[in-house]
>>> print(open('structure_18.cif').read())   # mmCIF, C-alpha atoms
data_entry
#
loop_
_atom_site.label_atom_id
_atom_site.label_comp_id
_atom_site.auth_asym_id
_atom_site.auth_seq_id
_atom_site.Cartn_x
_atom_site.Cartn_y
_atom_site.Cartn_z
CA MET A 1 92.71 78.46 70.87
CA ARG A 2 94.96 81.43 70.11
CA ILE A 3 94.81 83.69 73.14
CA LEU A 4 96.53 87.06 73.58
CA ILE A 5 96.93 88.09 77.22
CA VAL A 6 97.65 91.81 77.40
CA SER A 7 99.42 93.49 80.33
CA PHE A 8 99.81 97.22 80.96
CA ALA A 9 102.74 96.36 83.27
CA PRO A 10 106.05 94.95 81.99
CA LEU A 11 106.20 91.15 81.94
CA SER A 12 108.27 90.80 85.08
CA ARG A 13 107.80 88.54 88.08
CA ARG A 14 108.65 91.55 90.23
CA LEU A 15 105.41 93.26 89.17
CA GLY A 16 102.02 91.88 90.18
CA ALA A 17 100.11 92.40 86.93
CA GLY A 18 103.00 91.18 84.79
CA GLN A 19 103.45 88.12 86.98
CA LEU A 20 99.76 87.20 86.69
CA ALA A 21 99.85 87.50 82.89
CA LEU A 22 102.91 85.25 82.69
CA ASP A 23 101.45 82.60 85.00
CA LEU A 24 98.07 82.54 83.27
CA ALA A 25 99.60 82.24 79.80
CA SER A 26 101.89 79.45 80.96
CA ALA A 27 99.02 77.53 82.59
CA LEU A 28 96.87 77.83 79.46
CA ARG A 29 99.73 76.56 77.28
CA GLU A 30 99.87 73.50 79.55
CA ARG A 31 96.25 72.93 78.52
CA ASP A 32 97.22 73.00 74.81
CA HIS A 33 96.16 76.57 74.05
CA GLN A 34 98.37 78.91 72.05
CA ALA A 35 98.48 81.54 74.78
CA VAL A 36 100.98 84.37 74.77
CA ALA A 37 101.46 87.19 77.26
CA TRP A 38 102.30 90.57 75.71
CA ALA A 39 103.09 93.84 77.48
CA LEU A 40 102.02 97.14 75.99
CA PRO A 41 105.16 99.16 75.18
CA ALA A 42 105.97 102.34 77.05
CA PRO A 43 105.13 105.50 75.08
CA PRO A 44 108.10 107.49 73.75
CA SER A 45 109.06 110.73 75.46
CA THR A 46 107.50 112.72 72.62
CA VAL A 47 103.99 111.58 73.66
CA ALA A 48 102.39 113.84 76.29
CA TRP A 49 101.53 112.07 79.55
CA TRP A 50 97.79 112.63 79.14
CA ARG A 51 97.89 110.80 75.77
CA HIS A 52 99.75 107.70 77.00
CA THR A 53 96.67 105.45 77.28
CA ALA A 54 95.35 106.37 73.82
CA TRP A 55 98.81 105.77 72.32
CA ARG A 56 98.99 102.34 73.94
CA ARG A 57 95.53 101.39 72.66
CA ARG A 58 96.67 102.17 69.12
CA GLU A 59 99.77 100.03 69.65
CA LEU A 60 97.56 97.17 70.84
CA GLU A 61 95.34 97.54 67.78
CA ARG A 62 98.37 97.36 65.50
CA HIS A 63 99.72 94.34 67.34
CA ILE A 64 96.44 92.41 66.99
CA GLU A 65 96.24 93.24 63.28
CA ARG A 66 99.87 92.24 62.74
CA GLU A 67 99.98 89.06 64.86
CA GLY A 68 96.35 87.91 64.66
CA PRO A 69 93.87 86.55 64.20
CA PHE A 70 93.25 85.64 67.84
CA ASP A 71 90.36 83.58 69.15
CA LEU A 72 90.38 85.67 72.33
CA VAL A 73 92.06 88.84 73.57
CA ASP A 74 92.34 89.07 77.37
CA LEU A 75 93.07 92.62 78.49
CA PRO A 76 92.64 95.19 81.29
CA PRO A 77 89.39 97.19 81.20
CA ILE A 78 91.13 100.49 80.44
CA ALA A 79 92.70 99.04 77.27
CA LEU A 80 89.51 98.03 75.45
CA ASP A 81 87.83 100.37 72.98
CA ARG A 82 85.48 99.74 70.05
CA ASN A 83 88.25 99.41 67.45
CA ILE A 84 89.97 96.68 69.46
CA ALA A 85 86.67 94.95 70.28
CA ARG A 86 85.94 94.62 66.54
CA LEU A 87 89.23 92.84 65.89
CA ALA A 88 88.70 89.82 68.16
CA PRO A 89 86.42 88.46 70.91
CA SER A 90 87.48 90.27 74.08
CA VAL A 91 87.41 89.45 77.76
CA ILE A 92 88.16 91.98 80.48
CA ARG A 93 90.37 90.54 83.22
CA SER A 94 90.90 92.96 86.06
CA VAL A 95 94.03 93.11 88.20
CA GLN A 96 93.01 96.06 90.37
CA PRO A 97 89.84 97.96 91.30
CA ASP A 98 90.53 101.19 89.40
CA TRP A 99 87.81 103.32 90.97
CA LEU A 100 88.59 102.23 94.55
CA TYR A 101 92.30 102.90 94.04
CA PHE A 102 91.52 106.35 92.65
CA ARG A 103 89.24 107.15 95.57
CA ALA A 104 91.62 105.87 98.26
CA ASP A 105 94.72 107.57 96.88
CA TRP A 106 93.08 110.98 96.51
CA ALA A 107 91.28 110.79 99.88
CA SER A 108 94.63 110.36 101.63
CA GLY A 109 95.77 113.87 100.65
CA GLU A 110 99.20 112.61 99.54
CA ARG A 111 98.52 113.53 95.92
CA LEU A 112 98.31 117.22 96.87
CA ARG A 113 101.99 117.54 97.79
CA GLY A 114 103.08 118.53 94.30
CA GLY A 115 101.08 121.77 94.42
CA LEU A 116 97.39 122.53 94.01
CA LEU A 117 97.41 123.43 90.32
CA ARG A 118 99.33 120.32 89.33
CA ALA A 119 97.16 118.16 91.61
CA ALA A 120 93.97 119.66 90.15
CA ALA A 121 95.09 118.84 86.61
CA HIS A 122 95.94 115.25 87.56
CA PHE A 123 92.69 114.84 89.48
CA ALA A 124 90.59 116.02 86.52
CA PHE A 125 92.49 113.76 84.12
CA GLU A 126 92.31 110.67 86.37
CA LEU A 127 88.63 111.24 87.07
CA ALA A 128 87.95 111.39 83.33
CA GLN A 129 90.00 108.20 82.90
CA GLN A 130 87.56 106.35 85.17
CA HIS A 131 85.18 106.29 82.19
CA ALA A 132 87.56 104.00 80.28
CA PRO A 133 87.22 100.90 82.52
CA ARG A 134 83.42 101.34 82.49
CA ARG A 135 83.41 101.53 78.69
CA GLY A 136 85.68 98.49 78.49
CA ARG A 137 83.31 96.46 80.66
CA ARG A 138 80.36 97.39 78.44
CA LEU A 139 82.24 96.35 75.27
CA ALA A 140 83.66 93.07 76.58
CA GLY A 141 82.00 89.74 75.95
CA ARG A 142 82.85 88.64 79.49
CA ILE A 143 84.32 90.25 82.60
CA LEU A 144 86.67 88.30 84.82
CA CYS A 145 86.95 90.00 88.21
CA LEU A 146 89.89 89.44 90.53
CA GLY A 147 88.17 87.83 93.50
CA SER A 148 84.59 87.66 94.71
CA VAL A 149 84.75 91.05 96.45
CA GLU A 150 85.26 92.91 93.16
CA ARG A 151 82.69 90.73 91.36
CA ASP A 152 80.06 91.49 94.00
CA TRP A 153 80.96 95.21 94.02
CA LEU A 154 80.52 95.44 90.25
CA ALA A 155 77.25 93.51 90.38
CA ARG A 156 75.89 96.09 92.84
CA HIS A 157 77.17 99.17 91.01
CA ASP A 158 76.61 98.34 87.33
CA ALA A 159 73.48 96.31 86.68
CA ARG A 160 74.12 96.27 82.93
CA VAL A 161 77.15 93.99 83.24
CA ARG A 162 75.91 91.53 85.87
CA ASP A 163 75.31 88.71 83.41
CA LYS A 164 78.88 88.97 82.13
CA LEU A 165 80.63 88.67 85.50
CA ALA A 166 82.79 85.82 86.71
CA ALA A 167 85.59 85.76 89.29
CA TYR A 168 89.08 84.33 89.25
CA VAL A 169 91.73 83.85 91.92
CA VAL A 170 95.52 83.91 91.85
CA ALA A 171 98.33 81.89 93.37
CA PRO A 172 102.12 81.67 93.45
CA SER A 173 103.76 79.57 90.75
CA ALA A 174 104.15 75.81 91.25
CA ASP A 175 107.86 76.14 92.09
CA GLU A 176 107.15 78.92 94.58
CA GLN A 177 104.41 76.89 96.22
CA ARG A 178 106.83 74.02 96.80
CA ASP A 179 109.32 76.42 98.39
CA LEU A 180 106.62 77.98 100.58
CA ALA A 181 105.46 74.54 101.74
CA ALA A 182 109.03 73.72 102.78
CA ILE A 183 109.23 76.94 104.81
CA ARG A 184 105.90 76.10 106.48
CA ALA A 185 107.14 72.62 107.42
CA GLU A 186 110.17 74.12 109.18
CA ARG A 187 108.24 76.61 111.30
CA ARG A 188 108.32 76.20 115.04
CA GLY A 189 106.02 77.43 117.80
CA ARG A 190 105.44 80.82 119.35
CA PRO A 191 108.42 83.22 119.23
CA ALA A 192 110.45 83.09 122.44
CA SER A 193 111.01 86.83 122.67
CA GLY A 194 109.38 89.56 120.63
CA VAL A 195 107.30 89.27 117.47
CA ARG A 196 108.92 89.97 114.10
CA PHE A 197 106.19 91.43 111.87
CA LEU A 198 106.42 91.57 108.07
CA TRP A 199 104.60 93.95 105.69
CA ILE A 200 105.07 93.58 101.92
CA GLY A 201 103.95 96.05 99.25
CA ARG A 202 104.62 99.24 97.38
CA TRP A 203 104.21 102.42 99.40
CA ALA A 204 100.82 103.78 98.27
CA ALA A 205 97.85 105.18 100.19
CA HIS A 206 95.45 102.43 99.09
CA LYS A 207 97.83 99.90 100.67
CA GLY A 208 96.86 101.31 104.07
CA THR A 209 100.23 102.86 104.82
CA ALA A 210 98.73 105.41 107.22
CA ARG A 211 97.08 102.74 109.37
CA LEU A 212 100.28 100.66 109.23
CA VAL A 213 102.36 103.54 110.62
CA GLU A 214 99.77 104.25 113.31
CA PHE A 215 99.81 100.61 114.38
CA LEU A 216 103.60 100.40 114.44
CA VAL A 217 104.01 103.54 116.54
CA ASP A 218 101.70 102.12 119.22
CA ARG A 219 102.86 98.51 119.00
CA LEU A 220 106.60 99.16 119.09
CA ARG A 221 106.14 101.64 121.95
CA ASP A 222 104.11 99.18 124.06
CA GLN A 223 106.02 96.01 123.11
CA PRO A 224 109.75 96.84 123.32
CA ALA A 225 110.82 93.39 122.06
CA ASP A 226 108.76 93.52 118.85
CA SER A 227 110.07 94.62 115.45
CA CYS A 228 108.85 94.98 111.87
CA THR A 229 110.23 94.73 108.34
CA ILE A 230 108.64 96.74 105.52
CA ALA A 231 109.62 95.12 102.22
CA GLY A 232 109.14 95.97 98.55
CA CYS A 233 108.25 99.59 99.34
CA GLY A 234 110.93 101.35 97.30
CA SER A 235 112.38 104.55 98.73
CA ASP A 236 108.99 106.25 99.13
CA ALA A 237 108.37 104.81 102.60
CA LEU A 238 111.20 106.60 104.40
CA PRO A 239 109.69 110.12 104.61
CA GLY A 240 106.50 108.77 106.24
CA LEU A 241 108.13 106.64 108.94
CA PRO A 242 108.98 107.84 112.47
CA PRO A 243 112.74 108.56 112.62
CA GLU A 244 113.01 107.21 116.18
CA LEU A 245 111.82 103.77 115.08
CA LEU A 246 114.24 103.69 112.17
CA ALA A 247 117.12 104.89 114.35
CA GLY A 248 116.45 102.20 116.95
CA GLY A 249 116.74 99.41 114.41
CA ARG A 250 113.36 97.89 115.26
CA LEU A 251 111.93 99.00 111.94
CA GLN A 252 113.81 97.59 108.96
CA ILE A 253 113.27 98.76 105.36
CA VAL A 254 113.91 96.43 102.41
CA PRO A 255 113.22 98.68 99.39
CA SER A 256 113.22 95.78 96.91
CA PHE A 257 113.91 92.07 96.82
CA SER A 258 114.17 89.32 94.24
CA ARG A 259 111.92 86.28 94.04
CA ALA A 260 114.86 84.23 95.34
CA GLU A 261 115.03 86.46 98.42
CA LEU A 262 111.32 86.11 99.24
CA GLY A 263 111.64 82.69 100.92
CA PRO A 264 114.28 83.75 103.47
CA LEU A 265 112.33 86.94 104.14
CA LEU A 266 109.20 84.95 105.01
CA ALA A 267 111.13 82.40 107.07
CA GLU A 268 112.74 85.09 109.24
CA HIS A 269 109.44 86.54 110.52
CA ASP A 270 106.68 85.47 112.90
CA ALA A 271 103.55 87.23 111.57
CA GLY A 272 102.40 89.10 108.49
CA LEU A 273 100.53 92.40 108.23
CA PHE A 274 98.09 93.30 105.42
CA THR A 275 96.60 96.77 105.84
CA SER A 276 95.09 97.67 102.45
CA VAL A 277 92.16 100.07 102.17
CA ALA A 278 91.55 98.87 98.59
CA GLU A 279 93.31 96.01 96.84
CA GLY A 280 93.08 93.96 93.69
CA TRP A 281 94.10 90.82 95.52
CA GLY A 282 97.45 91.00 97.26
CA LEU A 283 99.55 87.99 96.22
CA SER A 284 101.69 88.55 99.31
CA LEU A 285 98.68 87.24 101.26
CA ASN A 286 99.00 83.84 99.58
CA GLU A 287 102.75 83.83 100.03
CA MET A 288 102.68 84.68 103.73
CA LEU A 289 99.87 82.24 104.51
CA GLU A 290 101.38 79.40 102.49
CA SER A 291 104.68 79.92 104.32
CA GLY A 292 102.88 79.30 107.62
CA LEU A 293 102.75 82.89 108.88
CA PRO A 294 99.65 84.06 110.71
CA VAL A 295 98.49 87.21 108.88
CA TYR A 296 96.59 90.11 110.46
CA ALA A 297 94.57 91.52 107.58
CA THR A 298 92.01 94.18 106.77
CA GLU A 299 88.91 93.23 104.77
CA ALA A 300 90.28 93.92 101.30
CA GLY A 301 91.52 92.09 98.22
CA GLY A 302 91.62 88.32 98.49
CA VAL A 303 90.96 88.10 102.24
CA ALA A 304 87.34 86.95 101.95
CA ASP A 305 88.24 84.27 99.38
CA LEU A 306 91.21 82.97 101.38
CA ARG A 307 89.63 82.92 104.83
CA PRO A 308 87.85 79.52 104.47
CA TYR A 309 91.21 77.89 103.67
CA PHE A 310 93.18 79.53 106.49
CA PRO A 311 90.76 79.60 109.45
CA THR A 312 93.51 79.97 112.09
CA GLY A 313 96.11 81.83 110.05
CA LEU A 314 94.04 84.69 108.64
CA ARG A 315 93.15 87.08 111.46
CA PRO A 316 91.64 90.58 111.76
CA PHE A 317 93.95 93.60 111.71
CA PRO A 318 95.22 94.97 114.01
CA PRO A 319 96.44 92.23 116.35
CA PRO A 320 95.10 92.78 119.88
CA ALA A 321 97.67 94.11 122.32
CA ASP A 322 97.40 90.97 124.45
CA ASP A 323 97.56 88.54 121.48
CA PRO A 324 100.44 86.09 122.06
CA ILE A 325 100.73 85.58 118.26
CA ASP A 326 100.19 81.85 118.28
CA PRO A 327 101.44 80.16 115.11
CA ALA A 328 99.02 79.20 112.36
CA THR A 329 97.95 75.55 112.27
CA ASP A 330 96.24 75.41 108.86
CA ASP A 331 97.09 72.58 106.47
CA PRO A 332 96.40 73.89 102.92
CA GLU A 333 96.08 70.34 101.64
CA ALA A 334 93.47 69.41 104.24
CA THR A 335 91.45 72.64 103.83
CA GLY A 336 91.26 72.21 100.05
CA TYR A 337 93.37 75.27 99.29
CA TYR A 338 95.49 73.49 96.67
CA HIS A 339 92.37 72.27 94.91
CA ARG A 340 91.59 75.86 93.96
CA PHE A 341 94.70 77.98 94.37
CA THR A 342 97.11 76.56 91.82
CA TRP A 343 97.60 77.82 88.27
CA GLU A 344 96.51 74.45 86.93
CA ARG A 345 93.14 74.87 88.67
CA ILE A 346 92.91 78.55 87.72
CA ALA A 347 93.42 77.67 84.04
CA GLU A 348 90.73 74.97 84.31
CA ALA A 349 88.30 77.56 85.67
CA TYR A 350 89.32 80.02 82.91
CA GLU A 351 88.38 77.39 80.32
CA ARG A 352 85.11 76.62 82.03
CA ASP A 353 84.01 80.22 82.61
CA LEU A 354 85.24 81.77 79.36
CA LEU A 355 86.49 79.54 76.59
CA SER A 356 83.55 77.15 76.70
CA ALA A 357 80.94 79.91 77.04
CA SER A 358 78.95 79.27 73.88
CA GLY A 359 78.44 82.51 71.94
CA ALA A 360 79.34 84.68 74.93
CA LEU A 361 82.33 86.29 73.21
CA GLU A 362 81.26 86.45 69.58
CA ARG A 363 80.50 90.14 69.07
CA PRO A 364 80.95 93.28 71.17
CA PRO A 365 77.68 94.82 72.37
CA GLU A 366 76.64 98.26 71.28
CA GLU A 367 78.26 100.94 73.43
CA SER A 368 76.02 103.57 74.98
#
>>> encode(input="structure_18.cif", output="structure tokens")
Amino acid sequence: MRILIVSFAPLSRRLGAGQLALDLASALRERDHQAVAWALPAPPSTVAWWRHTAWRRRELERHIEREGPFDLVDLPPIALDRNIARLAPSVIRSVQPDWLYFRADWASGERLRGGLLRAAAHFAFELAQQHAPRRGRRLAGRILCLGSVERDWLARHDARVRDKLAAYVVAPSADEQRDLAAIRAERRGRPASGVRFLWIGRWAAHKGTARLVEFLVDRLRDQPADSCTIAGCGSDALPGLPPELLAGGRLQIVPSFSRAELGPLLAEHDAGLFTSVAEGWGLSLNEMLESGLPVYATEAGGVADLRPYFPTGLRPFPPPADDPIDPATDDPEATGYYHRFTWERIAEAYERDLLSASGALERPPEES
């Protein structure tokens, strides 16, 4: 089958959505499909910011007409409109819970810092934009949710799309999984002195940055030998972090890192932190757990789906004050993790749930 996998994010392994599109397309090509990942171009500076999404939809429409026909177009919910749905069978594949991100980011109050009038304009625009994912779900032949948590949330909140729902999972690439397994094999026991925590993610309210800072202030005050690295956060983290922790050197900031630098970063720490309020999945969860780190995680993203495969490594956030941070003892091979969380298996499930669904993707339903 000819499959177009559309990404709003650039096709880069440094960006979550772009990385998922690349890995899915590659895995489907291994199964003899003509699958290609394509990133929507950035609008030119002459296009007003509030018209960016509409401009990109038109670019997608032109691309499908120019490069098609396609047997299937796989795209984010915000990108699908009736014109695009008429051009090819369409499946919505989510990479983030748009409404929950919107709610978490505005509830934090951080979006008000640019001034009330500017914030009010952005709030009204973003609230109106929440209609687009809902419309996309109604038009799509099938909806592929990132994880069971999002699938179940949508089933509860939109009865009209329940019969179209399926869930998918994500994983590091095959090469990365081999590297992570090697790191796990080299891990030793409990740290001799002080726990080195690791938090990975961009600095955004829905990532639970407020609860992370609160935890670190208490933990590093009460446990003088402990430390933490915050990685992949860009420069936005610095204004929200206590200066005394940064000055003391117990809180390290790594604004960005390459995929080649991820392995050493994981190997140098004793425990991971995952604090998200809302999350699409959180691929750093897989990476930390596969590397043998115990991870203290909130109930968001892929936590519920990963827990059965990491019964000792995946633990509730925050870690208790008296927790000695015992190492994880999970064997991903023995728990069946690799039988589900590889791109080969993910592509098999994609075929089963979507490509072989007789008649499920033939025509878009009527929008209402």
>>> closest_residue(input="structure_18.cif", among="A:Gln96, A:Ser235, A:Ser45, A:Thr329", to="Ala278 of chain A", atoms="all atoms listed in the file")
A:Gln96
>>> residues_around(input="structure_18.cif", residues="segment 254-269 of chain A", least_positions_apart="4", cutoff="6 Å", atoms="all atoms listed in the file", output="list of chain:residue names")
A:Arg196, A:Ala231, A:Gly232, A:Cys233, A:Gly234, A:Ser235
>>> closest_residue(input="structure_18.cif", among="A:Tyr350, A:Tyr101, A:Trp199, A:Trp38", to="Glu287 of chain A", atoms="all atoms listed in the file")
A:Trp199
>>> resolve_selection(input="structure_18.cif", expression="the PyMOL selection byres ((chain A and resi 162) around 12)", output="PDB file with C-alpha atoms, in the coordinates of the input")
ATOM      1  CA  ARG A 137      83.310  96.460  80.660  1.00  0.00           C
ATOM      2  CA  ARG A 138      80.360  97.390  78.440  1.00  0.00           C
ATOM      3  CA  GLY A 141      82.000  89.740  75.950  1.00  0.00           C
ATOM      4  CA  ARG A 142      82.850  88.640  79.490  1.00  0.00           C
ATOM      5  CA  ILE A 143      84.320  90.250  82.600  1.00  0.00           C
ATOM      6  CA  LEU A 144      86.670  88.300  84.820  1.00  0.00           C
ATOM      7  CA  CYS A 145      86.950  90.000  88.210  1.00  0.00           C
ATOM      8  CA  GLU A 150      85.260  92.910  93.160  1.00  0.00           C
ATOM      9  CA  ARG A 151      82.690  90.730  91.360  1.00  0.00           C
ATOM     10  CA  ASP A 152      80.060  91.490  94.000  1.00  0.00           C
ATOM     11  CA  TRP A 153      80.960  95.210  94.020  1.00  0.00           C
ATOM     12  CA  LEU A 154      80.520  95.440  90.250  1.00  0.00           C
ATOM     13  CA  ALA A 155      77.250  93.510  90.380  1.00  0.00           C
ATOM     14  CA  ARG A 156      75.890  96.090  92.840  1.00  0.00           C
ATOM     15  CA  HIS A 157      77.170  99.170  91.010  1.00  0.00           C
ATOM     16  CA  ASP A 158      76.610  98.340  87.330  1.00  0.00           C
ATOM     17  CA  ALA A 159      73.480  96.310  86.680  1.00  0.00           C
ATOM     18  CA  ARG A 160      74.120  96.270  82.930  1.00  0.00           C
ATOM     19  CA  VAL A 161      77.150  93.990  83.240  1.00  0.00           C
ATOM     20  CA  ASP A 163      75.310  88.710  83.410  1.00  0.00           C
ATOM     21  CA  LYS A 164      78.880  88.970  82.130  1.00  0.00           C
ATOM     22  CA  LEU A 165      80.630  88.670  85.500  1.00  0.00           C
ATOM     23  CA  ALA A 166      82.790  85.820  86.710  1.00  0.00           C
ATOM     24  CA  ALA A 167      85.590  85.760  89.290  1.00  0.00           C
TER      25      ALA A 167
END
>>> residues_around(input="structure_18.cif", residues="Glu186 of chain A", least_positions_apart="4", cutoff="10 Å", atoms="only C-alpha atoms", output="list in words")
Ala181, Ala182, Ala267, Ser291 and Gly292 of chain A
>>> resolve_selection(input="structure_18.cif", expression="the PyMOL selection byres ((chain A and resi 60) around 9)", output="number ranges by chain")
A: 6, 40-41, 55-59, 61-65, 79, 84
>>> write_last_selection(input="structure_18.cif", atoms="C-alpha atoms", output="CSV table (one decimal), in the frame of the given file")
chain,number,residue,atom,x,y,z
A,6,VAL,CA,97.6,91.8,77.4
A,40,LEU,CA,102.0,97.1,76.0
A,41,PRO,CA,105.2,99.2,75.2
A,55,TRP,CA,98.8,105.8,72.3
A,56,ARG,CA,99.0,102.3,73.9
A,57,ARG,CA,95.5,101.4,72.7
A,58,ARG,CA,96.7,102.2,69.1
A,59,GLU,CA,99.8,100.0,69.6
A,61,GLU,CA,95.3,97.5,67.8
A,62,ARG,CA,98.4,97.4,65.5
A,63,HIS,CA,99.7,94.3,67.3
A,64,ILE,CA,96.4,92.4,67.0
A,65,GLU,CA,96.2,93.2,63.3
A,79,ALA,CA,92.7,99.0,77.3
A,84,ILE,CA,90.0,96.7,69.5
>>> axis_aligned_box(input="structure_18.cif", around="segment 168-186 of chain A", padding_each_side="6 Å", output="JSON")
{"center_x": 99.6, "center_y": 78.5, "center_z": 99.2, "size_x": 33.1, "size_y": 23.7, "size_z": 31.9}
>>> atom_distance(input="structure_18.cif", atom1="atom CA of Gln19 of chain A", atom2="atom CA of Pro172 of chain A")
9.2 Å
>>> resolve_selection(input="structure_18.cif", expression="the PyMOL selection byres ((chain A and resi 213-227) around 7)", output="PyMOL selection string")
chain A and resi 193-197+209-212+228+241+250-251
>>> atom_distance(input="structure_18.cif", atom1="atom CA of Ile230 of chain A", atom2="atom CA of Gly201 of chain A")
7.9 Å
>>> atom_distance(input="structure_18.cif", atom1="atom CA of Phe310 of chain A", atom2="atom CA of Glu290 of chain A")
9.1 Å
>>> closest_residue(input="structure_18.cif", among="A:Asp270, A:Asp23, A:Glu333, A:Asp74", to="Gly136 of chain A", atoms="only C-alpha atoms")
A:Asp74
>>> residues_near_point(input="structure_18.cif", point="(79.9, 104.4, 80.2)", cutoff="12 Å", atoms="only C-alpha atoms", output="VMD selection string")
chain A and resid 77 to 78 81 128 to 139 158 160 to 161 366 to 368
>>> residues_around(input="structure_18.cif", residues="His33 of chain A", least_positions_apart="6", cutoff="9 Å", atoms="only C-alpha atoms", output="PyMOL selection string")
chain A and resi 1-3+25
>>> residues_around(input="structure_18.cif", residues="Arg315 of chain A", least_positions_apart="2", cutoff="9 Å", atoms="all atoms listed in the file", output="JSON, numbers by chain")
{"A": [294, 295, 296, 297, 298, 307, 311, 312, 313, 317, 318, 319]}
>>> closest_residue(input="structure_18.cif", among="A:Ala321, A:Ile92, A:Leu11, A:Ala347", to="Ala35 of chain A", atoms="all atoms listed in the file")
A:Ala347
>>> decode(input="structure_18.cif", residues="segment 60-77 of chain A", atoms="N, CA and C atoms", output="short mmCIF file (atom, residue, chain, number, x, y, z; two decimals), in the first residue's frame")
data_model
loop_
_atom_site.label_atom_id
_atom_site.label_comp_id
_atom_site.auth_asym_id
_atom_site.auth_seq_id
_atom_site.Cartn_x
_atom_site.Cartn_y
_atom_site.Cartn_z
N LEU A 60 -0.87 20.58 2.53
CA LEU A 60 -1.07 19.13 2.56
C LEU A 60 -1.97 18.69 1.42
N GLU A 61 -3.03 19.43 1.18
CA GLU A 61 -3.94 19.11 0.08
C GLU A 61 -3.20 19.12 -1.26
N ARG A 62 -2.38 20.13 -1.47
CA ARG A 62 -1.61 20.20 -2.71
C ARG A 62 -0.63 19.04 -2.83
N HIS A 63 -0.01 18.68 -1.72
CA HIS A 63 0.96 17.60 -1.74
C HIS A 63 0.30 16.26 -2.11
N ILE A 64 -0.88 16.00 -1.53
CA ILE A 64 -1.59 14.76 -1.84
C ILE A 64 -2.00 14.72 -3.30
N GLU A 65 -2.47 15.86 -3.82
CA GLU A 65 -2.87 15.91 -5.23
C GLU A 65 -1.67 15.74 -6.16
N ARG A 66 -0.53 16.27 -5.75
CA ARG A 66 0.66 16.23 -6.60
C ARG A 66 1.35 14.86 -6.54
N GLU A 67 1.43 14.26 -5.35
CA GLU A 67 2.20 13.03 -5.16
C GLU A 67 1.34 11.77 -5.13
N GLY A 68 0.02 11.92 -5.02
CA GLY A 68 -0.87 10.78 -4.91
C GLY A 68 -1.06 10.05 -6.22
N PRO A 69 -1.95 9.06 -6.25
CA PRO A 69 -2.87 8.75 -5.15
C PRO A 69 -2.21 7.92 -4.04
N PHE A 70 -2.76 8.05 -2.84
CA PHE A 70 -2.33 7.26 -1.69
C PHE A 70 -3.47 6.35 -1.26
N ASP A 71 -3.10 5.15 -0.82
CA ASP A 71 -4.09 4.23 -0.28
C ASP A 71 -4.52 4.63 1.12
N LEU A 72 -3.64 5.38 1.81
CA LEU A 72 -3.95 5.82 3.17
C LEU A 72 -3.13 7.05 3.49
N VAL A 73 -3.77 8.04 4.11
CA VAL A 73 -3.05 9.19 4.65
C VAL A 73 -3.20 9.15 6.17
N ASP A 74 -2.07 9.11 6.85
CA ASP A 74 -1.98 9.05 8.32
C ASP A 74 -1.56 10.43 8.78
N LEU A 75 -2.38 11.09 9.59
CA LEU A 75 -2.10 12.49 9.92
C LEU A 75 -2.63 12.86 11.29
N PRO A 76 -2.12 13.96 11.89
CA PRO A 76 -2.61 14.42 13.18
C PRO A 76 -4.05 14.91 13.06
N PRO A 77 -4.83 14.84 14.14
CA PRO A 77 -6.23 15.23 14.06
C PRO A 77 -6.46 16.67 13.61
#
